[in-house]
Every structure is written in structure tokens, then in C-alpha cells.
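Notes to accompany the following structure.
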Amino acid sequence: MALQELCSQDQGRTRWSSGNMFGSNYQSDSSFSSSRCLFHFYIPVADYLDESPVQFGQISAAQSCSSVFSQDSILTSFSVPGDPRPLSAAASSQSVPLPFPHSHGTTTLAFMFQGGVLAAADTRSSCSGLVACPSSQKILPIHSHMVGTTSGTSADCALWKRILSRELRLYQLRHGRSLSTRGAAKLLSHMLHPFKGTELCVAATLCGWDGGEVDGRHDDDGCMVRTENVEKPEDTRLEKTQSSSSTQPNAANSSSSGPSLVYVCSDGTRLQGTLFSVGSGSPYAYSILDQEVRWELTLQEATAIAREAVYRATHRDAYSGNHVDIYHITSTGWTRRDREDLKEEYYRERERRERRLRRDATSV
Amino acid sequence: MLSAQNFGDSGKMKEYHYTGPVEHRFSPYTFNGGTVLAVAGEDFAIVASDTRLSEGYSIHSRDSPKCYKLTDTTVIGCSGFHGDCLTLTKIIDARLKMYKHSNNKTMTSGAIAAMLSTILYGRRFFPYYVYNIIGGLDEEGKGAVYSFDPVGSYQRDTYKAGGSASAMLQPLLDNQIGFKNMEGVQHVPLSQEKAVQLVKDVFISAAERDVYTGDALRICVITKEGINEQTIPLRKD
């Protein structure tokens with residue numbers, strides 16, 4: 001079904017090039033750009049798909065699992081008839097006991113303040129007691145104005161974020177405007193819905209700045225609210241924008257533009273809010289955040305609080321640790337603070353405590 | 001005599017005492033052992049694996065290397081369930097050929113890694129029980145190592161060990177190549193000769209302590225001149 005067509009191109013590709021799918025119009029040519037089949041005209045995006053050598057999912061262009069893309073139902077005819085193991089979520093959920101555990105366990109947090117949205121996460125990826133990766137990236141950029149924090153199985157999160165980036169880009173091309181954060185969250189939630197009840201585990205907070213093209217208003221402080229489509233980088237994963245964070249962002253309480261934070265979970269939860277923390281270390285992070293987070297924070301204060309929250313969580317939670325990543329999203333895009341090793345922070349903290357004890361001892 | 005229960009886990013010995021009636025299920029997976037290691041240098045990459053193929057208490061073969069050459073600049077090491085390793089490498093080869101025919105160029109290491117991620121995730125609910133590590137040269141000629149989990153989560157590393165002895169080897173590599181948790185050391189970049197020697201030493205240590213690792217070591221060194229393979233004997237017991 002959905003995922004199988006998405007990822008297994010083998011049978012799909014050979015059929016495409018052998019040309020027996022759509023009759024006489026079809027040129028049996030293995031290069032994509034020269035195929036001109038009638039059905040392409042129904043879907044404006046088909047040319048884009050033909051030209052760019054995207055490696056996966058382009059045959060079954062959209063998630064056939066999603067009812068949102070009703071116009072793509074034609075493409076579902078690509079579904080491979082001889083598929084021995086259709087990926088129906090219900091049938092295969094608990095049938096095969098796995099010999100290995102998936103990677104889980106994390107601390108991620110995100111909150112809104114007057115300077116935009118701040119997202120922070122640790123970098124430890126653990127796998128039933130073994131640290132599979134001490135420097136994984138848990139905050140993935142989706143496009144230039146949105147990042148998503150990931151929690152749950154890392155393969156699921158990485159892939160679904162990638163699918164979400166692609167779907168947002170397709171939406172932008174088809175409809176001429178970019179989807180808001182709430183829209184993206186709804187899209188992700190609907191894409192994950194068919195897999196409810198399976199062992200898929202994705203708990204993400206989408207943090208973004210919405211363009212607010214509806215009114216096209218400008219802020220008096222000089223912060224430009226974008227009215228055109230936001231730029232989407234080619235390789236959303238590895239890009240690090242150099243744009244500096246906006247100085248006086250508008251404290252946008254309106255729903256159509258400004259910072260936005262939505263939590264999406266693979267069990268179907270979708271919540272909009274101003275503060276979220278997800279993962280095994282989230283209780284510890286919440287205690288710091290609930291105490292300190294206010295709307296009027298400056299960027300430095302907010303960064304310090306996020307860092308402190310992740311640091312305390314990594315100290316107490318076995319499955320969180322190593323480094324902390326901090327991303328800041330404003331109207332000009334996201335910026336990333338350099339990854340910081342929390343081991344050093346632990347030693348600095350200890351030194352501070354010793355100095356304080358010595359000072360108290362001498363003053364008494 | 002081994003019960004089907006033993007097939008599903010990582011190969012550790014189970015307690016043999018009576019706990020009551022036990023239902024046995026057929027498990028489509030088994031663990032065939034083996035360790036794979038990859039290291040990326042400035043202008044080279046090394047992929048090494050042992051050549052022992054085992055199952056439970058038996059050794060099926062002493063000459064079953066786990067590195068597979070994909071292109072002139074990329075080698076993949078697969079350990080875990082041997083049946084899935086074979087099928088996965090066949091699928092990757094077929095996809096490489098398809099790419100070559102439709103795009104008229106060979107796939108780069110990064111592209112192979114991205115493709116493998118989706119191949120693995122396509123079987124999210126009945127995964128390939130394979131721990132993959134890809135080693136090769138990227139477009140700029142620098143060494144690149146991509147490590148995967150069985151369902152397709154991957155990232156680029158400088159060094160990675162996978163397979164049965166991975167938990168023993170990875171800390172050693174962290175210390176020797178990553179200079180982690182050491183005070184006051186100079187971070188010298190790894191030369192090719194030192195890296196090959198380190199890999200040999202590391203596998204000799206692994207063969208001492210891991211029963212599923214041994215027999216022989218196959219090292220593939222990837223440079224812009226090509227792929228150079230050597231085989232070194234290890235403990236056979």
C-alpha cells in the first residue's frame with residue numbers, strides 16, 4: 001500500500017520503462033523526460049517529477065494512503081499487482097517478532113517567545129541499552145522556515161520528515177502558496193493515520209514561522225512579513241542558513257502569521273501550543289521550562305533556558321545525553337546554534353558548586 | 001538441539017532451566033554473526049569484515065566475507081542475517097544498474113546511502129535484519145562512511161563498527177580515532193597505513209572476545225586508484 005509503493009521502486013520502474021501500462025501513447029524509453037503520456041496533463045506537477053531525478057517515491061507520486069490528494073488517485077493504479085506482501089498496516093503489525101530493538105529515547109523541547117520559536121534537543125540515539133549514535137540529529141529542517149523535532153524511532157522520524165518536506169513542496173507548487181505550520185501538522189497527522197496501531201512511532205513538534213500572505217502586512221519595527229512563497233532549499237537536511245535572527249520580531253498573536261508550534265504524534269494527537277517537551281527526558285525538561293519560560297524572554301535568556309532544560313534532562317535520563325542542538329526560528333528563517341558538548345557543562349557546574357561551598361565555608 | 005526461540009535474539013546463550021511449557025514459533029530470522037567496520041580518512045576509506053558465517057553453535061563457513069563491492073568507489077559491509085544480506089545486495093546491484101542505464105552515470109556514495117535508506121524503510125514492518133555500513137569516497141574524493149540501522153535510519157560518520165562485536169569495537173574506535181575522553185592529546189589525522197594497522201589490531205582483539213568473529217579478516221581499502229583487497233588470518237577457534 002502506501003509505504004511499499006513509496007519506497008520499493010524496483011517493480012514500478014521496470015514497468016514504467018517497458019511502457020505496457022498506458023498503451024500506445026507511451027514511448028518505451030527509460031529516460032523520464034521524454035515520456036509523454038496522456039494522463040500527465042491531469043496532474044500539473046508531473047513535469048516537475050519527470051525532470052528532476054528524484055530517487056524515491058516519484059512513481060507513486062503522492063501518498064496513496066492520504067485522502068487529501070484525491071486528484072492523485074490515478075497514480076495509485078501503479079500499485080504493483082504482483083506484490084507478495086502488501087503493506088496493509090493492520091495485517092502485519094504484530095506478526096513477526098523482531099530480533100532487534102528500534103532506537104528510542106530522547107529529550108526534545110520547543111517553546112514560543114517574543115523572539116520566535118526555539119527548539120532544542122539532545123543528540124543521543126540509544127538502542128536498548130547501547131548508544132547507537134552519540135551524535136545524531138534530532139531536529140530536522142523541513143524547509144527554510146520550519147523545523148521539526150523528532151522523538152520515537154529514528155528511522156521513522158527521519159523518513160516521515162523527508163516525506164513531509166516533499167509534500168509541502170508539492171503543495172507549494174500546486175497551490176501557489178506555502179502551507180502553514182498547522183496545515184503541515186494536519187498533513188503529517190493524516191499521513192500517519194493509516195499506520196495507527198502499528199509499531200510506527202513518531203512524536204514530532206513542528207516549529208515554524210508562517211508567512212501570513214493573507215493580509216500582506218508589515219511590521220512597524222521593520223521586520224518584513226513575507227508575502228511571497230518561502231524559499232525551499234534543495235537539500236533540507238544538511239543546510240545551515242547564515243541569516244541572522246530577526247531583531248525586533250512582531251509579537252504575532254494572530255493566527256495567520258508569526259511563530260507557530262504544533263505537536264504531532266503517530267497515535268493521532270495533534271496539539272497546538274506554546275510549550276512542548278517530548279521524550280523520555282521530558283519530565284525533567286518540563287520542570288525547568290515551566291519555571292522559567294515567559295513570553296518576554298530575550299534570545300539569550302531563552303537559549304540559556306533551553307540549554308539548561310536539556311542539560312538537566314540528560315543528567316537524569318539515561319537515554320538522553322551527549323550534546324545539545326538549539327535551533328531558533330524567526331521570520332527570516334531558522335538559525336542553528338553550534339552543537340555543544342554537555343560533558344563540559346557538567347564539569348563547569350561542579351566547579352561552580354565547589355567554589356560556592358568554599359565561599360560559604362570561608363564566610364561562616 | 002536449538003529451539004526456535006534462540007533464533008530471534010542476538011545470539012546470546014539462553015538459560016536452560018525449566019520455566020513451564022513454552023510455545024515455539026517459527027521465526028523467519030536467524031543471526032549469522034560477523035562484524036563489519038568502516039573508517040573514513042582524508043582521501044581513502046576502509047571497509048573491513050571478518051569472514052566467519054555461524055549459526056548458534058555451528059560455523060557454516062570460514063570464508064564468507066561480508067564486504068561487497070558496489071561501484072569503483074563504494075563498498076558495503078552487511079552483517080546480521082545472511083539471507084537478508086544476500087537479497088539486499090542483489091537489490092542494490094539491480095538498482096545501481098537501473099540508475100546507470102537511465103542516468104548514464106554511476107551512483108555516488110551519498111546517493112547509494114540515501115537509496116539504501118528507502119529500500120530498508122520499504123520493509124518497515126518486516127525488516128531486513130541487516131546492519132549495513134557503506135564506505136567509499138564522496139564526490140570531492142574524501143572518505144565517507146554511512147552507517148545504517150535495520151530500518152533505514154542513517155547518517156554519515158568518520159568510523160563505525162557494526163555486527164556482533166560492534167559494542168566492543170566502537171568504544172575502542174572512539175578512543176583511537178575520535179580521541180574521545182582523552183585529555184591533552186594531539187588530534188592527528190589518520191594516515192592510511194595507520195588506519196589499516198588499527199583495523200587489523202581491532203579485529204584481532206574482537207576475535208579474542210567474540211565467538212562469532214574470527215577465521216579471517218578481509219580489508220578493502222578504497223582510494224581514487226581503486227579498491228585494494230587483502231585477507232589476513234584470524235583465530236579459528
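Following the order of the C-alpha cells, first chain is A, next is B, and so on, with residues numbered from 1 inside each chain and ligands from 1 in the order they appear.
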Identify every residue of chain B that has at least one atom within 8 Å of any atom of chain A, counting only C-alpha atoms, and report the result as a short mmCIF file (atom, residue, chain, number, x, y, z; two decimals) with N, CA, C and O atoms, in the first residue's frame.
```
data_model
loop_
_atom_site.label_atom_id
_atom_site.label_comp_id
_atom_site.auth_asym_id
_atom_site.auth_seq_id
_atom_site.Cartn_x
_atom_site.Cartn_y
_atom_site.Cartn_z
N GLY B 8 15.73 -15.78 17.45
CA GLY B 8 15.31 -14.40 17.29
C GLY B 8 16.26 -13.39 17.92
O GLY B 8 16.24 -12.24 17.58
N ASP B 9 17.10 -13.82 18.84
CA ASP B 9 17.83 -12.81 19.60
C ASP B 9 19.23 -12.61 19.05
O ASP B 9 19.57 -13.10 17.97
N SER B 10 20.06 -11.91 19.80
CA SER B 10 21.35 -11.53 19.26
C SER B 10 22.37 -12.63 19.38
O SER B 10 23.54 -12.40 19.20
N SER B 27 10.50 -18.47 13.53
CA SER B 27 10.99 -17.12 13.33
C SER B 27 11.67 -17.06 11.96
O SER B 27 12.52 -17.90 11.66
N PRO B 28 11.31 -16.11 11.17
CA PRO B 28 11.93 -16.04 9.85
C PRO B 28 13.35 -15.52 9.90
O PRO B 28 14.03 -15.47 8.89
N TYR B 29 13.80 -15.10 11.07
CA TYR B 29 15.14 -14.53 11.18
C TYR B 29 16.06 -15.50 11.87
O TYR B 29 15.64 -16.31 12.70
N ARG B 95 19.44 -2.01 -8.58
CA ARG B 95 19.12 -0.58 -8.61
C ARG B 95 20.27 0.24 -9.15
O ARG B 95 20.07 1.25 -9.84
N HIS B 101 21.78 2.86 -16.23
CA HIS B 101 21.17 2.86 -17.56
C HIS B 101 20.29 4.06 -17.78
O HIS B 101 20.24 4.59 -18.90
N SER B 102 19.62 4.51 -16.76
CA SER B 102 18.70 5.62 -17.02
C SER B 102 19.37 6.97 -16.85
O SER B 102 18.91 7.95 -17.42
N ASN B 103 20.43 7.08 -16.09
CA ASN B 103 21.07 8.38 -15.88
C ASN B 103 22.46 8.47 -16.48
O ASN B 103 23.06 9.52 -16.42
N MET B 115 19.52 5.91 -1.14
CA MET B 115 18.68 4.88 -1.74
C MET B 115 18.51 3.69 -0.80
O MET B 115 17.42 3.14 -0.64
N THR B 118 15.85 4.17 1.83
CA THR B 118 14.46 3.94 1.44
C THR B 118 14.18 2.48 1.13
O THR B 118 13.07 2.00 1.36
N ILE B 119 15.18 1.76 0.62
CA ILE B 119 14.97 0.32 0.41
C ILE B 119 14.68 -0.35 1.75
O ILE B 119 13.76 -1.16 1.88
N TYR B 121 13.58 1.07 4.52
CA TYR B 121 12.34 1.51 5.14
C TYR B 121 11.12 0.95 4.43
O TYR B 121 10.05 0.85 5.01
N GLY B 122 11.29 0.61 3.17
CA GLY B 122 10.17 0.00 2.44
C GLY B 122 9.72 -1.29 3.10
O GLY B 122 8.59 -1.71 2.95
N ARG B 123 10.60 -1.89 3.86
CA ARG B 123 10.23 -3.10 4.60
C ARG B 123 10.15 -2.76 6.09
O ARG B 123 10.72 -3.44 6.93
N PHE B 125 7.84 -2.95 8.22
CA PHE B 125 7.11 -3.84 9.12
C PHE B 125 7.51 -5.30 8.98
O PHE B 125 6.91 -6.17 9.56
N PHE B 126 8.52 -5.55 8.19
CA PHE B 126 9.10 -6.89 8.14
C PHE B 126 10.54 -6.66 7.71
O PHE B 126 10.91 -6.98 6.58
N TYR B 129 16.97 -7.90 8.34
CA TYR B 129 17.75 -7.97 9.57
C TYR B 129 19.22 -7.87 9.18
O TYR B 129 19.95 -8.85 9.19
N ASP B 149 20.77 1.62 10.49
CA ASP B 149 20.14 0.63 11.35
C ASP B 149 19.23 -0.23 10.48
O ASP B 149 19.06 0.08 9.30
N VAL B 151 16.20 -0.53 9.93
CA VAL B 151 15.04 0.03 9.23
C VAL B 151 15.35 1.29 8.45
O VAL B 151 14.44 1.96 8.00
N GLY B 152 16.61 1.63 8.29
CA GLY B 152 16.91 2.66 7.31
C GLY B 152 17.33 4.00 7.86
O GLY B 152 17.58 4.92 7.08
N SER B 153 17.43 4.15 9.18
CA SER B 153 17.92 5.41 9.71
C SER B 153 19.43 5.46 9.49
O SER B 153 20.12 4.50 9.83
N TYR B 154 19.94 6.55 8.92
CA TYR B 154 21.36 6.54 8.62
C TYR B 154 21.95 7.91 8.84
O TYR B 154 21.24 8.91 8.91
N GLN B 155 23.27 7.94 8.94
CA GLN B 155 23.97 9.21 8.96
C GLN B 155 25.42 8.97 8.58
O GLN B 155 25.91 7.85 8.61
N ALA B 167 29.72 -3.63 19.84
CA ALA B 167 29.75 -2.97 21.15
C ALA B 167 31.14 -2.99 21.75
O ALA B 167 31.47 -2.16 22.58
#
```
- Query: Quick one: DSSP strand (DSSP E or B) residues in stretch 117-194 of chain A, as a list in words?
  - Reply: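 Here are the strand (DSSP E or B) residues of stretch 117-194 of chain A: Val117, Leu118, Ala119, Ala120, Ala121, Asp122, Ser125, Ser126, Cys127, Leu130, Val131, Ala132, Cys133, Ile139, Leu140, Pro141, Ile142, His143, Met146, Val147, Gly148, Thr149 and Gly152 of chain A.
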Report as a compact mmCIF listing (two decimals) with all heavy atoms, in the first residue's frame all protein, DNA and RNA residues lying within 9 Å of stretch 218-235 of chain B, evaluated on only C-alpha atoms, omitting residues in the same chain fewer than 3 positions from it.
```
# COMPACT_ATOMS: atom_id res chain seq x y z
N ASP B 43 41.54 10.91 2.18
CA ASP B 43 41.34 10.59 0.77
C ASP B 43 41.20 9.09 0.55
O ASP B 43 41.44 8.58 -0.52
CB ASP B 43 42.53 11.11 -0.06
CG ASP B 43 43.84 10.53 0.46
OD1 ASP B 43 43.84 9.88 1.52
OD2 ASP B 43 44.88 10.73 -0.20
N PHE B 44 40.83 8.40 1.63
CA PHE B 44 40.66 6.95 1.50
C PHE B 44 39.53 6.53 2.42
O PHE B 44 39.10 7.28 3.29
CB PHE B 44 41.95 6.21 1.88
CG PHE B 44 42.30 6.34 3.34
CD1 PHE B 44 41.89 5.40 4.28
CD2 PHE B 44 43.04 7.43 3.79
CE1 PHE B 44 42.19 5.53 5.62
CE2 PHE B 44 43.36 7.56 5.12
CZ PHE B 44 42.93 6.62 6.05
N ALA B 45 39.07 5.33 2.20
CA ALA B 45 38.09 4.74 3.11
C ALA B 45 38.43 3.26 3.23
O ALA B 45 38.95 2.66 2.29
CB ALA B 45 36.66 4.91 2.59
N ILE B 46 38.17 2.71 4.39
CA ILE B 46 38.47 1.30 4.61
C ILE B 46 37.19 0.61 5.07
O ILE B 46 36.50 1.11 5.95
CB ILE B 46 39.53 1.12 5.72
CG1 ILE B 46 40.82 1.78 5.30
CG2 ILE B 46 39.76 -0.34 6.02
CD1 ILE B 46 41.87 1.74 6.38
N VAL B 47 36.88 -0.52 4.44
CA VAL B 47 35.77 -1.35 4.92
C VAL B 47 36.36 -2.72 5.19
O VAL B 47 37.01 -3.30 4.33
CB VAL B 47 34.64 -1.46 3.87
CG1 VAL B 47 33.52 -2.33 4.41
CG2 VAL B 47 34.11 -0.09 3.53
N ALA B 48 36.14 -3.21 6.41
CA ALA B 48 36.74 -4.50 6.78
C ALA B 48 35.69 -5.37 7.42
O ALA B 48 34.78 -4.89 8.09
CB ALA B 48 37.90 -4.26 7.76
N SER B 49 35.80 -6.67 7.20
CA SER B 49 34.86 -7.58 7.86
C SER B 49 35.57 -8.89 8.13
O SER B 49 36.54 -9.23 7.46
CB SER B 49 33.63 -7.83 6.98
OG SER B 49 33.95 -8.73 5.95
N ASP B 50 35.05 -9.62 9.10
CA ASP B 50 35.58 -10.97 9.27
C ASP B 50 34.87 -11.88 8.27
O ASP B 50 33.97 -11.44 7.57
CB ASP B 50 35.38 -11.44 10.72
CG ASP B 50 33.93 -11.76 10.99
OD1 ASP B 50 33.05 -11.03 10.48
OD2 ASP B 50 33.67 -12.72 11.73
N THR B 51 35.29 -13.13 8.20
CA THR B 51 34.74 -13.99 7.16
C THR B 51 34.05 -15.22 7.73
O THR B 51 33.85 -16.20 7.04
CB THR B 51 35.84 -14.44 6.18
OG1 THR B 51 36.83 -15.17 6.92
CG2 THR B 51 36.47 -13.26 5.49
N PRO B 65 33.09 -13.57 3.29
CA PRO B 65 33.31 -12.17 3.66
C PRO B 65 32.03 -11.36 3.56
O PRO B 65 31.13 -11.70 2.81
CB PRO B 65 34.34 -11.68 2.64
CG PRO B 65 34.24 -12.62 1.51
CD PRO B 65 33.73 -13.92 2.03
N LYS B 66 31.98 -10.33 4.34
CA LYS B 66 30.78 -9.52 4.40
C LYS B 66 30.90 -8.17 3.73
O LYS B 66 30.01 -7.34 3.85
CB LYS B 66 30.35 -9.34 5.85
CG LYS B 66 29.93 -10.68 6.43
CD LYS B 66 29.99 -10.69 7.91
CE LYS B 66 29.86 -12.11 8.42
NZ LYS B 66 31.00 -12.97 8.07
N CYS B 67 32.01 -7.94 3.02
CA CYS B 67 32.10 -6.69 2.25
C CYS B 67 31.73 -7.02 0.81
O CYS B 67 32.21 -7.99 0.25
CB CYS B 67 33.49 -6.10 2.21
SG CYS B 67 34.54 -6.46 3.56
N LYS B 69 31.47 -5.27 -3.09
CA LYS B 69 31.84 -4.10 -3.87
C LYS B 69 30.62 -3.65 -4.66
O LYS B 69 30.00 -4.44 -5.36
CB LYS B 69 32.99 -4.48 -4.81
CG LYS B 69 33.38 -3.43 -5.79
CD LYS B 69 34.65 -3.88 -6.50
CE LYS B 69 35.03 -2.99 -7.66
NZ LYS B 69 34.16 -2.95 -8.77
N ASP B 72 33.14 1.42 -8.18
CA ASP B 72 34.59 1.57 -8.03
C ASP B 72 34.95 2.40 -6.83
O ASP B 72 36.12 2.43 -6.43
CB ASP B 72 35.17 2.27 -9.27
CG ASP B 72 35.23 1.31 -10.44
OD1 ASP B 72 35.36 0.09 -10.19
OD2 ASP B 72 35.13 1.78 -11.58
N THR B 73 33.99 3.12 -6.29
CA THR B 73 34.33 3.97 -5.15
C THR B 73 33.51 3.63 -3.92
O THR B 73 33.54 4.38 -2.95
CB THR B 73 34.09 5.45 -5.47
OG1 THR B 73 32.75 5.58 -5.93
CG2 THR B 73 35.05 5.95 -6.51
N THR B 74 32.77 2.56 -3.94
CA THR B 74 31.90 2.27 -2.80
C THR B 74 31.90 0.78 -2.48
O THR B 74 31.78 -0.05 -3.38
CB THR B 74 30.44 2.68 -3.10
OG1 THR B 74 30.46 3.93 -3.74
CG2 THR B 74 29.64 2.77 -1.84
N VAL B 75 32.02 0.50 -1.19
CA VAL B 75 31.93 -0.89 -0.72
C VAL B 75 30.92 -0.90 0.42
O VAL B 75 30.89 0.02 1.23
CB VAL B 75 33.29 -1.39 -0.22
CG1 VAL B 75 33.17 -2.75 0.42
CG2 VAL B 75 34.28 -1.46 -1.36
N GLY B 135 31.10 2.27 2.92
CA GLY B 135 32.33 3.05 2.94
C GLY B 135 32.70 3.40 1.53
O GLY B 135 32.59 2.57 0.63
N GLY B 136 33.13 4.63 1.33
CA GLY B 136 33.52 5.00 -0.02
C GLY B 136 34.06 6.40 -0.07
O GLY B 136 34.32 7.02 0.96
N LEU B 137 34.20 6.90 -1.29
CA LEU B 137 34.68 8.25 -1.49
C LEU B 137 33.54 9.11 -1.95
O LEU B 137 32.75 8.70 -2.79
CB LEU B 137 35.80 8.27 -2.55
CG LEU B 137 37.01 7.41 -2.25
CD1 LEU B 137 37.98 7.43 -3.41
CD2 LEU B 137 37.72 7.91 -0.99
N GLY B 141 36.20 13.35 -3.29
CA GLY B 141 37.34 12.46 -3.11
C GLY B 141 37.69 12.20 -1.66
O GLY B 141 38.66 11.50 -1.38
N GLY B 143 37.05 10.55 2.12
CA GLY B 143 36.45 9.31 2.60
C GLY B 143 35.11 9.58 3.26
O GLY B 143 34.91 10.59 3.92
N GLN B 192 46.76 6.38 6.01
CA GLN B 192 46.20 5.12 5.52
C GLN B 192 46.87 3.92 6.16
O GLN B 192 46.21 2.96 6.57
CB GLN B 192 46.37 5.07 4.01
CG GLN B 192 45.62 3.92 3.38
CD GLN B 192 45.71 3.97 1.88
OE1 GLN B 192 45.70 5.04 1.29
NE2 GLN B 192 45.79 2.82 1.27
N VAL B 196 44.98 1.09 8.50
CA VAL B 196 44.92 -0.34 8.19
C VAL B 196 45.46 -1.15 9.38
O VAL B 196 44.90 -2.18 9.77
CB VAL B 196 45.72 -0.65 6.91
CG1 VAL B 196 45.85 -2.14 6.70
CG2 VAL B 196 45.04 -0.01 5.70
N VAL B 199 42.89 -1.24 12.12
CA VAL B 199 41.78 -2.15 11.81
C VAL B 199 42.19 -3.59 12.09
O VAL B 199 41.44 -4.38 12.67
CB VAL B 199 41.34 -1.96 10.35
CG1 VAL B 199 40.46 -3.10 9.90
CG2 VAL B 199 40.61 -0.65 10.19
N LYS B 200 43.43 -3.92 11.71
CA LYS B 200 43.90 -5.29 11.97
C LYS B 200 43.93 -5.56 13.47
O LYS B 200 43.43 -6.60 13.95
CB LYS B 200 45.29 -5.49 11.38
CG LYS B 200 45.33 -5.56 9.88
CD LYS B 200 46.75 -5.78 9.40
CE LYS B 200 46.84 -5.57 7.91
NZ LYS B 200 48.22 -5.45 7.44
N PHE B 203 40.43 -5.98 15.00
CA PHE B 203 39.76 -7.24 14.71
C PHE B 203 40.40 -8.40 15.45
O PHE B 203 39.71 -9.35 15.85
CB PHE B 203 39.76 -7.52 13.20
CG PHE B 203 38.49 -7.11 12.54
CD1 PHE B 203 38.36 -5.85 11.98
CD2 PHE B 203 37.42 -7.97 12.51
CE1 PHE B 203 37.17 -5.47 11.39
CE2 PHE B 203 36.23 -7.60 11.92
CZ PHE B 203 36.11 -6.35 11.36
N ILE B 204 41.71 -8.33 15.63
CA ILE B 204 42.36 -9.39 16.41
C ILE B 204 41.80 -9.39 17.82
O ILE B 204 41.50 -10.44 18.40
CB ILE B 204 43.89 -9.18 16.40
CG1 ILE B 204 44.44 -9.47 15.01
CG2 ILE B 204 44.57 -10.07 17.41
CD1 ILE B 204 45.90 -9.09 14.83
N ALA B 207 38.27 -10.86 17.79
CA ALA B 207 38.24 -12.32 17.64
C ALA B 207 38.55 -13.01 18.96
O ALA B 207 38.13 -14.14 19.20
CB ALA B 207 39.23 -12.75 16.57
N GLU B 208 39.30 -12.31 19.82
CA GLU B 208 39.62 -12.90 21.11
C GLU B 208 38.40 -13.04 21.99
O GLU B 208 38.26 -13.99 22.74
CB GLU B 208 40.63 -12.01 21.86
CG GLU B 208 42.00 -11.92 21.25
CD GLU B 208 42.79 -13.19 21.43
OE1 GLU B 208 42.69 -13.81 22.49
OE2 GLU B 208 43.49 -13.56 20.48
N THR B 213 33.15 -13.85 15.81
CA THR B 213 34.12 -13.16 14.95
C THR B 213 35.39 -13.97 14.93
O THR B 213 35.89 -14.39 15.98
CB THR B 213 34.40 -11.77 15.51
OG1 THR B 213 33.17 -11.08 15.67
CG2 THR B 213 35.30 -10.98 14.60
N GLY B 214 35.93 -14.18 13.73
CA GLY B 214 37.20 -14.89 13.65
C GLY B 214 37.47 -15.40 12.25
O GLY B 214 36.93 -14.88 11.27
N ASP B 215 38.33 -16.39 12.16
CA ASP B 215 38.70 -17.09 10.92
C ASP B 215 39.59 -16.25 10.01
O ASP B 215 40.75 -16.57 9.79
CB ASP B 215 37.47 -17.57 10.14
CG ASP B 215 36.78 -18.68 10.89
OD1 ASP B 215 37.47 -19.41 11.64
OD2 ASP B 215 35.56 -18.84 10.77
```
- Might you pull out every residue within 7 Å of stretch 112-120 of chain A, with only C-alpha atoms counted and same-chain residues fewer than 3 positions away left off, and present them as a VMD selection string? chain A and resid 108 to 109 207 249 251 259 274 to 275 294 to 299 306 324 to 330
- For atom CA of A:Ser320 and atom CA of A:Gly148, determine how far apart the two atoms are, in Å to one decimal place.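 Atom-to-atom, atom CA of A:Ser320 and atom CA of A:Gly148 are spaced 18.0 Å apart.
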